[in-house]
>>> print(open('final31.cif').read())   # mmCIF, C-alpha atoms; chains and numbers go by the auth columns
data_data
loop_
_atom_site.group_PDB
_atom_site.id
_atom_site.type_symbol
_atom_site.label_atom_id
_atom_site.label_comp_id
_atom_site.label_asym_id
_atom_site.label_seq_id
_atom_site.Cartn_x
_atom_site.Cartn_y
_atom_site.Cartn_z
_atom_site.B_iso_or_equiv
_atom_site.auth_seq_id
_atom_site.auth_asym_id
ATOM 1 C CA MET A 1 -63.809 -43.741 -48.676 0.00 28 A
ATOM 2 C CA SER A 2 -66.038 -46.626 -49.395 0.00 29 A
ATOM 3 C CA LEU A 3 -68.717 -48.889 -48.095 0.00 30 A
ATOM 4 C CA ILE A 4 -68.377 -52.384 -46.678 0.00 31 A
ATOM 5 C CA ILE A 5 -71.537 -54.462 -46.374 0.00 32 A
ATOM 6 C CA GLU A 6 -71.609 -57.586 -44.184 0.00 33 A
ATOM 7 C CA LYS A 7 -74.697 -59.767 -44.325 0.00 34 A
ATOM 8 C CA TYR A 8 -75.862 -62.857 -42.510 0.00 35 A
ATOM 9 C CA TYR A 9 -79.175 -64.690 -42.389 0.00 36 A
ATOM 10 C CA TYR A 10 -80.396 -65.848 -38.993 0.00 37 A
ATOM 11 C CA GLU A 11 -82.493 -68.930 -39.667 0.00 38 A
ATOM 12 C CA GLU A 12 -83.992 -69.090 -36.155 0.00 39 A
ATOM 13 C CA LYS A 13 -85.024 -65.422 -36.122 0.00 40 A
ATOM 14 C CA LYS A 14 -85.965 -65.411 -39.805 0.00 41 A
ATOM 15 C CA GLN A 15 -84.095 -62.178 -40.144 0.00 42 A
ATOM 16 C CA TRP A 16 -81.320 -60.676 -42.222 0.00 43 A
ATOM 17 C CA SER A 17 -78.549 -59.030 -40.288 0.00 44 A
ATOM 18 C CA VAL A 18 -76.673 -56.388 -42.271 0.00 45 A
ATOM 19 C CA SER A 19 -73.748 -54.309 -41.043 0.00 46 A
ATOM 20 C CA LEU A 20 -73.002 -51.140 -42.955 0.00 47 A
ATOM 21 C CA ILE A 21 -69.454 -49.910 -42.512 0.00 48 A
ATOM 22 C CA GLY A 22 -68.356 -46.603 -44.015 0.00 49 A
ATOM 23 C CA GLU A 23 -70.350 -44.190 -46.123 0.00 50 A
ATOM 24 C CA VAL A 24 -73.440 -44.463 -48.313 0.00 51 A
ATOM 25 C CA ASP A 25 -73.564 -41.703 -50.901 0.00 52 A
ATOM 26 C CA ILE A 26 -74.198 -41.296 -54.626 0.00 53 A
ATOM 27 C CA TYR A 27 -70.992 -43.284 -55.259 0.00 54 A
ATOM 28 C CA THR A 28 -71.788 -46.298 -53.057 0.00 55 A
ATOM 29 C CA ALA A 29 -75.610 -46.335 -53.090 0.00 56 A
ATOM 30 C CA GLY A 30 -75.659 -48.647 -56.141 0.00 57 A
ATOM 31 C CA GLN A 31 -73.691 -51.265 -54.216 0.00 58 A
ATOM 32 C CA LEU A 32 -76.216 -51.107 -51.366 0.00 59 A
ATOM 33 C CA LYS A 33 -79.151 -51.332 -53.753 0.00 60 A
ATOM 34 C CA GLU A 34 -77.745 -54.468 -55.433 0.00 61 A
ATOM 35 C CA THR A 35 -77.168 -56.090 -52.047 0.00 62 A
ATOM 36 C CA PHE A 36 -80.719 -55.433 -50.886 0.00 63 A
ATOM 37 C CA ILE A 37 -82.204 -56.684 -54.146 0.00 64 A
ATOM 38 C CA LYS A 38 -80.243 -59.965 -53.764 0.00 65 A
ATOM 39 C CA LEU A 39 -81.231 -60.373 -50.104 0.00 66 A
ATOM 40 C CA ILE A 40 -84.886 -59.782 -50.783 0.00 67 A
ATOM 41 C CA GLU A 41 -84.857 -62.123 -53.792 0.00 68 A
ATOM 42 C CA GLU A 42 -83.307 -64.814 -51.646 0.00 69 A
ATOM 43 C CA LYS A 43 -85.528 -64.385 -48.583 0.00 70 A
ATOM 44 C CA LYS A 44 -88.155 -61.745 -48.051 0.00 71 A
ATOM 45 C CA GLU A 45 -87.686 -61.298 -44.311 0.00 72 A
ATOM 46 C CA ASP A 46 -86.999 -58.443 -41.906 0.00 73 A
ATOM 47 C CA ILE A 47 -83.676 -56.698 -42.460 0.00 74 A
ATOM 48 C CA LYS A 48 -81.928 -55.567 -39.299 0.00 75 A
ATOM 49 C CA ILE A 49 -79.206 -53.044 -40.009 0.00 76 A
ATOM 50 C CA ASN A 50 -76.349 -52.465 -37.607 0.00 77 A
ATOM 51 C CA ALA A 51 -75.387 -48.832 -38.213 0.00 78 A
ATOM 52 C CA GLU A 52 -72.691 -48.662 -35.529 0.00 79 A
ATOM 53 C CA GLU A 53 -69.970 -48.084 -38.115 0.00 80 A
ATOM 54 C CA LEU A 54 -72.100 -46.239 -40.633 0.00 81 A
ATOM 55 C CA ASP A 55 -70.522 -42.796 -40.691 0.00 82 A
ATOM 56 C CA TYR A 56 -72.672 -41.160 -43.298 0.00 83 A
ATOM 57 C CA ILE A 57 -75.746 -41.684 -45.441 0.00 84 A
ATOM 58 C CA ASP A 58 -77.234 -39.236 -47.944 0.00 85 A
ATOM 59 C CA SER A 59 -80.557 -38.936 -49.751 0.00 86 A
ATOM 60 C CA THR A 60 -79.546 -41.468 -52.405 0.00 87 A
ATOM 61 C CA GLY A 61 -78.798 -43.999 -49.645 0.00 88 A
ATOM 62 C CA LEU A 62 -82.062 -43.207 -47.895 0.00 89 A
ATOM 63 C CA GLY A 63 -83.797 -43.686 -51.258 0.00 90 A
ATOM 64 C CA VAL A 64 -82.319 -47.194 -51.460 0.00 91 A
ATOM 65 C CA LEU A 65 -83.619 -48.001 -47.967 0.00 92 A
ATOM 66 C CA ILE A 66 -87.058 -46.671 -48.884 0.00 93 A
ATOM 67 C CA GLY A 67 -87.066 -48.808 -52.045 0.00 94 A
ATOM 68 C CA ALA A 68 -86.108 -51.931 -50.076 0.00 95 A
ATOM 69 C CA LEU A 69 -88.753 -51.253 -47.437 0.00 96 A
ATOM 70 C CA LYS A 70 -91.348 -50.850 -50.141 0.00 97 A
ATOM 71 C CA ARG A 71 -90.589 -54.376 -51.374 0.00 98 A
ATOM 72 C CA LEU A 72 -90.558 -55.813 -47.842 0.00 99 A
ATOM 73 C CA LYS A 73 -93.860 -54.191 -46.912 0.00 100 A
ATOM 74 C CA GLN A 74 -95.615 -56.310 -49.535 0.00 101 A
ATOM 75 C CA GLU A 75 -94.986 -59.206 -47.127 0.00 102 A
ATOM 76 C CA ASN A 76 -95.443 -57.072 -44.039 0.00 103 A
ATOM 77 C CA LYS A 77 -91.734 -57.161 -43.282 0.00 104 A
ATOM 78 C CA ASP A 78 -89.670 -54.331 -41.847 0.00 105 A
ATOM 79 C CA ILE A 79 -86.315 -52.625 -41.856 0.00 106 A
ATOM 80 C CA ILE A 80 -84.877 -52.160 -38.376 0.00 107 A
ATOM 81 C CA LEU A 81 -81.952 -49.842 -37.746 0.00 108 A
ATOM 82 C CA PHE A 82 -79.924 -49.963 -34.548 0.00 109 A
ATOM 83 C CA ASN A 83 -76.802 -48.296 -33.141 0.00 110 A
ATOM 84 C CA VAL A 84 -77.541 -45.260 -35.302 0.00 111 A
ATOM 85 C CA LYS A 85 -75.136 -42.332 -34.899 0.00 112 A
ATOM 86 C CA PRO A 86 -76.641 -39.010 -33.752 0.00 113 A
ATOM 87 C CA SER A 87 -75.925 -37.242 -37.066 0.00 114 A
ATOM 88 C CA ILE A 88 -77.802 -39.946 -38.994 0.00 115 A
ATOM 89 C CA LYS A 89 -80.586 -39.996 -36.416 0.00 116 A
ATOM 90 C CA LYS A 90 -81.032 -36.291 -37.041 0.00 117 A
ATOM 91 C CA LEU A 91 -81.360 -36.909 -40.771 0.00 118 A
ATOM 92 C CA LEU A 92 -83.937 -39.677 -40.223 0.00 119 A
ATOM 93 C CA ASN A 93 -85.769 -37.341 -37.902 0.00 120 A
ATOM 94 C CA ILE A 94 -85.974 -34.299 -40.184 0.00 121 A
ATOM 95 C CA THR A 95 -87.038 -36.421 -43.150 0.00 122 A
ATOM 96 C CA GLY A 96 -89.660 -38.222 -41.052 0.00 123 A
ATOM 97 C CA LEU A 97 -88.129 -41.542 -42.054 0.00 124 A
ATOM 98 C CA ASP A 98 -87.800 -42.473 -38.378 0.00 125 A
ATOM 99 C CA LYS A 99 -91.520 -43.144 -38.578 0.00 126 A
ATOM 100 C CA ILE A 100 -91.331 -45.635 -41.424 0.00 127 A
ATOM 101 C CA PHE A 101 -88.231 -47.565 -40.369 0.00 128 A
ATOM 102 C CA ILE A 102 -87.975 -49.120 -36.928 0.00 129 A
ATOM 103 C CA ILE A 103 -85.197 -47.390 -35.007 0.00 130 A
ATOM 104 C CA GLU A 104 -83.823 -49.222 -31.991 0.00 131 A
ATOM 105 C CA GLY A 105 -81.392 -48.025 -29.356 0.00 132 A
ATOM 106 C CA MET B 1 -59.701 1.046 -41.062 0.00 20 B
ATOM 107 C CA SER B 2 -59.636 -1.417 -43.894 0.00 21 B
ATOM 108 C CA LYS B 3 -61.876 -4.382 -43.341 0.00 22 B
ATOM 109 C CA LYS B 4 -60.517 -7.602 -44.688 0.00 23 B
ATOM 110 C CA ASN B 5 -62.238 -8.931 -47.779 0.00 24 B
ATOM 111 C CA ASN B 6 -64.055 -12.207 -47.411 0.00 25 B
ATOM 112 C CA ASP B 7 -61.848 -15.182 -48.089 0.00 26 B
ATOM 113 C CA GLU B 8 -63.042 -17.415 -50.842 0.00 27 B
ATOM 114 C CA ILE B 9 -62.204 -20.919 -52.022 0.00 28 B
ATOM 115 C CA LYS B 10 -63.367 -22.269 -55.375 0.00 29 B
ATOM 116 C CA LEU B 11 -63.444 -25.863 -56.492 0.00 30 B
ATOM 117 C CA SER B 12 -64.165 -27.265 -59.910 0.00 31 B
ATOM 118 C CA ILE B 13 -65.259 -30.877 -59.555 0.00 32 B
ATOM 119 C CA PRO B 14 -65.853 -33.503 -62.248 0.00 33 B
ATOM 120 C CA ASN B 15 -69.491 -34.589 -62.597 0.00 34 B
ATOM 121 C CA LYS B 16 -68.629 -37.990 -61.143 0.00 35 B
ATOM 122 C CA PRO B 17 -70.044 -39.597 -57.978 0.00 36 B
ATOM 123 C CA GLU B 18 -66.630 -40.564 -56.615 0.00 37 B
ATOM 124 C CA TYR B 19 -65.707 -36.900 -56.077 0.00 38 B
ATOM 125 C CA VAL B 20 -68.557 -35.934 -53.729 0.00 39 B
ATOM 126 C CA SER B 21 -66.494 -37.245 -50.819 0.00 40 B
ATOM 127 C CA VAL B 22 -63.728 -34.794 -51.779 0.00 41 B
ATOM 128 C CA VAL B 23 -66.165 -31.893 -51.361 0.00 42 B
ATOM 129 C CA ARG B 24 -67.392 -33.355 -48.064 0.00 43 B
ATOM 130 C CA LEU B 25 -63.871 -33.447 -46.686 0.00 44 B
ATOM 131 C CA THR B 26 -63.105 -29.965 -47.993 0.00 45 B
ATOM 132 C CA VAL B 27 -66.190 -28.294 -46.536 0.00 46 B
ATOM 133 C CA THR B 28 -65.699 -30.080 -43.215 0.00 47 B
ATOM 134 C CA SER B 29 -62.190 -28.703 -43.047 0.00 48 B
ATOM 135 C CA ILE B 30 -63.286 -25.161 -43.989 0.00 49 B
ATOM 136 C CA ALA B 31 -66.124 -25.090 -41.445 0.00 50 B
ATOM 137 C CA ASN B 32 -63.863 -26.519 -38.775 0.00 51 B
ATOM 138 C CA ARG B 33 -61.224 -23.898 -39.463 0.00 52 B
ATOM 139 C CA MET B 34 -63.858 -21.162 -39.178 0.00 53 B
ATOM 140 C CA GLY B 35 -64.821 -22.413 -35.747 0.00 54 B
ATOM 141 C CA PHE B 36 -68.261 -23.929 -36.304 0.00 55 B
ATOM 142 C CA ASP B 37 -69.317 -26.444 -33.662 0.00 56 B
ATOM 143 C CA ILE B 38 -69.452 -30.136 -34.501 0.00 57 B
ATOM 144 C CA GLU B 39 -73.204 -30.270 -35.034 0.00 58 B
ATOM 145 C CA LYS B 40 -73.174 -27.355 -37.450 0.00 59 B
ATOM 146 C CA ILE B 41 -70.187 -28.791 -39.299 0.00 60 B
ATOM 147 C CA GLU B 42 -72.176 -31.979 -39.766 0.00 61 B
ATOM 148 C CA ASP B 43 -75.210 -30.007 -41.035 0.00 62 B
ATOM 149 C CA ILE B 44 -73.070 -28.112 -43.534 0.00 63 B
ATOM 150 C CA LYS B 45 -71.337 -31.277 -44.709 0.00 64 B
ATOM 151 C CA VAL B 46 -74.620 -33.104 -45.318 0.00 65 B
ATOM 152 C CA ALA B 47 -76.267 -30.129 -47.062 0.00 66 B
ATOM 153 C CA VAL B 48 -73.310 -29.370 -49.341 0.00 67 B
ATOM 154 C CA ALA B 49 -72.999 -33.041 -50.283 0.00 68 B
ATOM 155 C CA GLU B 50 -76.698 -33.118 -51.200 0.00 69 B
ATOM 156 C CA ALA B 51 -76.211 -30.078 -53.434 0.00 70 B
ATOM 157 C CA CYS B 52 -73.258 -31.796 -55.152 0.00 71 B
ATOM 158 C CA THR B 53 -75.286 -34.982 -55.622 0.00 72 B
ATOM 159 C CA ASN B 54 -77.991 -32.847 -57.169 0.00 73 B
ATOM 160 C CA ALA B 55 -75.481 -31.188 -59.514 0.00 74 B
ATOM 161 C CA ILE B 56 -74.105 -34.554 -60.643 0.00 75 B
ATOM 162 C CA THR B 57 -77.568 -36.040 -61.111 0.00 76 B
ATOM 163 C CA HIS B 58 -78.778 -33.127 -63.208 0.00 77 B
ATOM 164 C CA GLY B 59 -75.481 -32.193 -64.818 0.00 78 B
ATOM 165 C CA LYS B 60 -75.835 -35.075 -67.266 0.00 79 B
ATOM 166 C CA ASN B 61 -72.442 -34.881 -68.927 0.00 80 B
ATOM 167 C CA GLU B 62 -69.642 -36.740 -67.108 0.00 81 B
ATOM 168 C CA GLU B 63 -67.070 -34.746 -69.034 0.00 82 B
ATOM 169 C CA ASP B 64 -68.259 -31.513 -67.467 0.00 83 B
ATOM 170 C CA ASN B 65 -67.381 -30.083 -64.110 0.00 84 B
ATOM 171 C CA PHE B 66 -69.551 -28.378 -61.541 0.00 85 B
ATOM 172 C CA LEU B 67 -68.406 -25.527 -59.346 0.00 86 B
ATOM 173 C CA VAL B 68 -68.380 -25.196 -55.591 0.00 87 B
ATOM 174 C CA ASP B 69 -67.691 -21.789 -54.157 0.00 88 B
ATOM 175 C CA PHE B 70 -67.023 -21.295 -50.435 0.00 89 B
ATOM 176 C CA ILE B 71 -67.268 -17.724 -49.158 0.00 90 B
ATOM 177 C CA MET B 72 -66.062 -17.295 -45.611 0.00 91 B
ATOM 178 C CA GLU B 73 -67.501 -14.288 -43.863 0.00 92 B
ATOM 179 C CA GLU B 74 -66.998 -13.268 -40.285 0.00 93 B
ATOM 180 C CA ASP B 75 -70.241 -14.706 -38.973 0.00 94 B
ATOM 181 C CA LYS B 76 -71.270 -17.112 -41.709 0.00 95 B
ATOM 182 C CA LEU B 77 -70.271 -19.519 -44.425 0.00 96 B
ATOM 183 C CA VAL B 78 -71.904 -19.254 -47.845 0.00 97 B
ATOM 184 C CA VAL B 79 -71.582 -22.192 -50.232 0.00 98 B
ATOM 185 C CA ASN B 80 -72.706 -21.976 -53.849 0.00 99 B
ATOM 186 C CA VAL B 81 -72.961 -25.119 -55.935 0.00 100 B
ATOM 187 C CA SER B 82 -73.475 -24.464 -59.662 0.00 101 B
ATOM 188 C CA ASP B 83 -73.991 -26.980 -62.418 0.00 102 B
ATOM 189 C CA ASN B 84 -74.438 -26.421 -66.100 0.00 103 B
ATOM 190 C CA GLY B 85 -77.172 -28.954 -66.498 0.00 104 B
ATOM 191 C CA ARG B 86 -80.557 -28.541 -68.023 0.00 105 B
ATOM 192 C CA GLY B 87 -81.960 -26.560 -65.159 0.00 106 B
ATOM 193 C CA CYS B 88 -85.332 -27.222 -63.736 0.00 107 B
ATOM 194 C CA THR B 89 -88.076 -24.720 -63.221 0.00 108 B
ATOM 195 C CA THR B 90 -89.923 -26.784 -60.642 0.00 109 B
ATOM 196 C CA LEU B 91 -87.157 -26.974 -58.015 0.00 110 B
ATOM 197 C CA ASN B 92 -88.685 -24.289 -55.880 0.00 111 B
ATOM 198 C CA GLU B 93 -91.974 -26.109 -55.876 0.00 112 B
ATOM 199 C CA ILE B 94 -90.542 -29.201 -54.232 0.00 113 B
ATOM 200 C CA LYS B 95 -92.703 -30.168 -51.332 0.00 114 B
ATOM 201 C CA ASN B 96 -91.833 -31.969 -48.163 0.00 115 B
ATOM 202 C CA PRO B 97 -91.406 -35.696 -48.610 0.00 116 B
ATOM 203 C CA ASP B 98 -94.726 -37.453 -48.702 0.00 117 B
ATOM 204 C CA LEU B 99 -94.222 -40.484 -46.544 0.00 118 B
ATOM 205 C CA ASP B 100 -97.707 -41.828 -46.986 0.00 119 B
ATOM 206 C CA HIS B 101 -96.727 -42.701 -50.494 0.00 120 B
ATOM 207 C CA LEU B 102 -93.826 -45.061 -50.301 0.00 121 B
ATOM 208 C CA ASN B 103 -94.361 -45.670 -53.986 0.00 122 B
ATOM 209 C CA HIS B 104 -92.519 -42.467 -54.653 0.00 123 B
ATOM 210 C CA GLU B 105 -89.313 -44.327 -54.315 0.00 124 B
ATOM 211 C CA LYS B 106 -87.428 -41.863 -56.419 0.00 125 B
ATOM 212 C CA GLU B 107 -85.910 -39.679 -53.788 0.00 126 B
ATOM 213 C CA GLY B 108 -85.619 -36.624 -56.018 0.00 127 B
ATOM 214 C CA GLY B 109 -86.629 -33.734 -53.828 0.00 128 B
ATOM 215 C CA LEU B 110 -85.504 -35.428 -50.627 0.00 129 B
ATOM 216 C CA GLY B 111 -82.040 -33.913 -51.083 0.00 130 B
ATOM 217 C CA ILE B 112 -83.418 -30.403 -51.526 0.00 131 B
ATOM 218 C CA PHE B 113 -85.657 -30.905 -48.515 0.00 132 B
ATOM 219 C CA ILE B 114 -82.634 -31.943 -46.423 0.00 133 B
ATOM 220 C CA ILE B 115 -80.649 -28.886 -47.568 0.00 134 B
ATOM 221 C CA ARG B 116 -83.507 -26.564 -46.605 0.00 135 B
ATOM 222 C CA SER B 117 -83.832 -28.221 -43.204 0.00 136 B
ATOM 223 C CA LEU B 118 -80.157 -28.033 -42.292 0.00 137 B
ATOM 224 C CA MET B 119 -79.079 -24.629 -43.599 0.00 138 B
ATOM 225 C CA ASP B 120 -80.185 -21.206 -42.365 0.00 139 B
ATOM 226 C CA ASN B 121 -80.804 -19.680 -45.761 0.00 140 B
ATOM 227 C CA VAL B 122 -81.183 -21.478 -49.073 0.00 141 B
ATOM 228 C CA GLN B 123 -81.747 -20.046 -52.527 0.00 142 B
ATOM 229 C CA ILE B 124 -82.157 -22.095 -55.639 0.00 143 B
ATOM 230 C CA ILE B 125 -81.800 -20.368 -58.956 0.00 144 B
ATOM 231 C CA SER B 126 -82.678 -22.598 -61.838 0.00 145 B
ATOM 232 C CA ASN B 127 -83.565 -21.913 -65.422 0.00 146 B
ATOM 233 C CA HIS B 128 -84.108 -24.186 -68.350 0.00 147 B
ATOM 234 C CA GLY B 129 -80.887 -24.565 -70.285 0.00 148 B
ATOM 235 C CA SER B 130 -78.659 -22.553 -67.991 0.00 149 B
ATOM 236 C CA GLY B 131 -78.172 -24.911 -65.088 0.00 150 B
ATOM 237 C CA THR B 132 -78.887 -24.606 -61.397 0.00 151 B
ATOM 238 C CA ILE B 133 -77.223 -22.705 -58.575 0.00 152 B
ATOM 239 C CA ILE B 134 -77.900 -23.768 -55.017 0.00 153 B
ATOM 240 C CA SER B 135 -76.750 -21.059 -52.643 0.00 154 B
ATOM 241 C CA MET B 136 -76.792 -21.906 -48.943 0.00 155 B
ATOM 242 C CA THR B 137 -75.752 -20.063 -45.821 0.00 156 B
ATOM 243 C CA LYS B 138 -74.940 -21.228 -42.317 0.00 157 B
ATOM 244 C CA TYR B 139 -74.435 -18.728 -39.510 0.00 158 B
ATOM 245 C CA MET B 140 -71.928 -19.214 -36.707 0.00 159 B
ATOM 246 C CA GLY B 141 -74.154 -17.923 -33.929 0.00 160 B
ATOM 247 C CA GLU B 142 -77.364 -19.247 -32.455 0.00 161 B
ATOM 248 C CA ASP B 143 -80.951 -18.523 -33.448 0.00 162 B
ATOM 249 C CA HIS B 144 -80.952 -18.361 -37.182 0.00 163 B
#
>>> encode(input="final31.cif", output="structure tokens")
Amino acid sequence: MSLIIEKYYYEEKKQWSVSLIGEVDIYTAGQLKETFIKLIEEKKEDIKINAEELDYIDSTGLGVLIGALKRLKQENKDIILFNVKPSIKKLLNITGLDKIFIIEG
Amino acid sequence: MSKKNNDEIKLSIPNKPEYVSVVRLTVTSIANRMGFDIEKIEDIKVAVAEACTNAITHGKNEEDNFLVDFIMEEDKLVVNVSDNGRGCTTLNEIKNPDLDHLNHEKEGGLGIFIIRSLMDNVQIISNHGSGTIISMTKYMGEDH
């Protein structure tokens, strides 16, 4: 099992679009962290994450998202998650992270 | 009337991140076989994976293994995850995540919080020098 990350910058919306496909855990979280660091270095804009094909994320993955949001918040930018699976929604809910990320749909 | 002993499965897993997914698949299969519903299977999978992540993070030595013990009882599944790391005496003092302080980017503690939220009974035994055991129980029935 692994993680595939697809990213695209929408010039007109001034927004990163990131699709996460697979699983984010202690094995793949480093890959996600590197991607976010590069994105934010390139353009510090909102990151909209399509989680439709994200099957699993653990506390290390959530830690990466929190770290990225921390950097974005310096410029008042956000992380938006959409198409989140119920099991992941539950995790965001119990950790209270649904209140610091924007969850759509 | 001899009551059947509890069935037990033991795994010894290298302290390497790439093997957490092996435990996830294994526990999913065990819980499914026992007849847990999908939501509970998901809870167990997430909690056990967090315990393994914790063992790898604190186990230090990649050459070592940590142990995962699945005890299948009639009405519940008990999973014990033991590492031989340094141990930590403050584990039981871990508080709920403090979201007002995003500066606390290090998510240590978030995993333990997730385990406690998803499992019915959680015990953490940890002593300096002798490693940590996370013992967690999920019941089959409702209202636990």
>>> residues_around(input="final31.cif", residues="stretch 84-97 of chain A", least_positions_apart="6", cutoff="10 Å", atoms="all atoms listed in the file", output="PyMOL selection string")
(chain A and resi 49-61+63-64+66-67+73-74+103-107+114-115+118-119+122+124+127-128) or (chain B and resi 65-66+68-69+72-73+118+120-133)
>>> resolve_selection(input="final31.cif", expression="the PyMOL selection byres ((chain A and resi 77-79) around 12)", output="JSON, numbers by chain")
{"A": [30, 31, 32, 33, 34, 35, 43, 44, 45, 46, 47, 48, 49, 50, 51, 74, 75, 76, 80, 81, 82, 83, 84, 106, 107, 108, 109, 110, 111, 112, 113, 114, 115, 116, 130, 131, 132]}
>>> resolve_selection(input="final31.cif", expression="the PyMOL selection byres ((chain B and resi 151) around 8)", output="count of residues only")
16
>>> resolve_selection(input="final31.cif", expression="the PyMOL selection byres ((chain B and resi 26) around 9)", output="PyMOL selection string")
chain B and resi 23-25+27-28+89-92
>>> write_last_selection(input="final31.cif", atoms="C-alpha atoms", output="mmCIF file, keeping the file's coordinate frame")
data_model
loop_
_atom_site.group_PDB
_atom_site.id
_atom_site.type_symbol
_atom_site.label_atom_id
_atom_site.label_comp_id
_atom_site.auth_asym_id
_atom_site.auth_seq_id
_atom_site.Cartn_x
_atom_site.Cartn_y
_atom_site.Cartn_z
ATOM 1 C CA LYS B 23 -60.517 -7.602 -44.688
ATOM 2 C CA ASN B 24 -62.238 -8.931 -47.779
ATOM 3 C CA ASN B 25 -64.055 -12.207 -47.411
ATOM 4 C CA GLU B 27 -63.042 -17.415 -50.842
ATOM 5 C CA ILE B 28 -62.204 -20.919 -52.022
ATOM 6 C CA PHE B 89 -67.023 -21.295 -50.435
ATOM 7 C CA ILE B 90 -67.268 -17.724 -49.158
ATOM 8 C CA MET B 91 -66.062 -17.295 -45.611
ATOM 9 C CA GLU B 92 -67.501 -14.288 -43.863
#
>>> closest_residue(input="final31.cif", among="A:Ser29, A:Gln42, A:Glu69, A:Glu102", to="chain B", atoms="all atoms listed in the file")
A:Ser29
>>> atom_distance(input="final31.cif", atom1="atom CA of B:Val100", atom2="atom CA of A:Gly123")
25.9 Å
>>> atom_distance(input="final31.cif", atom1="atom CA of A:Asn120", atom2="atom CA of B:Asp56")
20.2 Å
>>> atom_distance(input="final31.cif", atom1="atom CA of B:Leu96", atom2="atom CA of B:Lys59")
10.9 Å
>>> axis_aligned_box(input="final31.cif", around="stretch 62-70 of chain B", padding_each_side="4 Å", output="AutoDock Vina command-line options")
--center_x -74.0 --center_y -30.6 --center_z -47.2 --size_x 13.4 --size_y 13.0 --size_z 20.4
>>> closest_residue(input="final31.cif", among="B:Lys157, B:Lys29, B:Lys35, B:Arg135", to="B:Gly78", atoms="all atoms listed in the file")
B:Lys35
>>> closest_residue(input="final31.cif", among="A:Lys65, A:Arg98, A:Lys41, A:Lys71", to="chain B", atoms="all atoms listed in the file")
A:Arg98
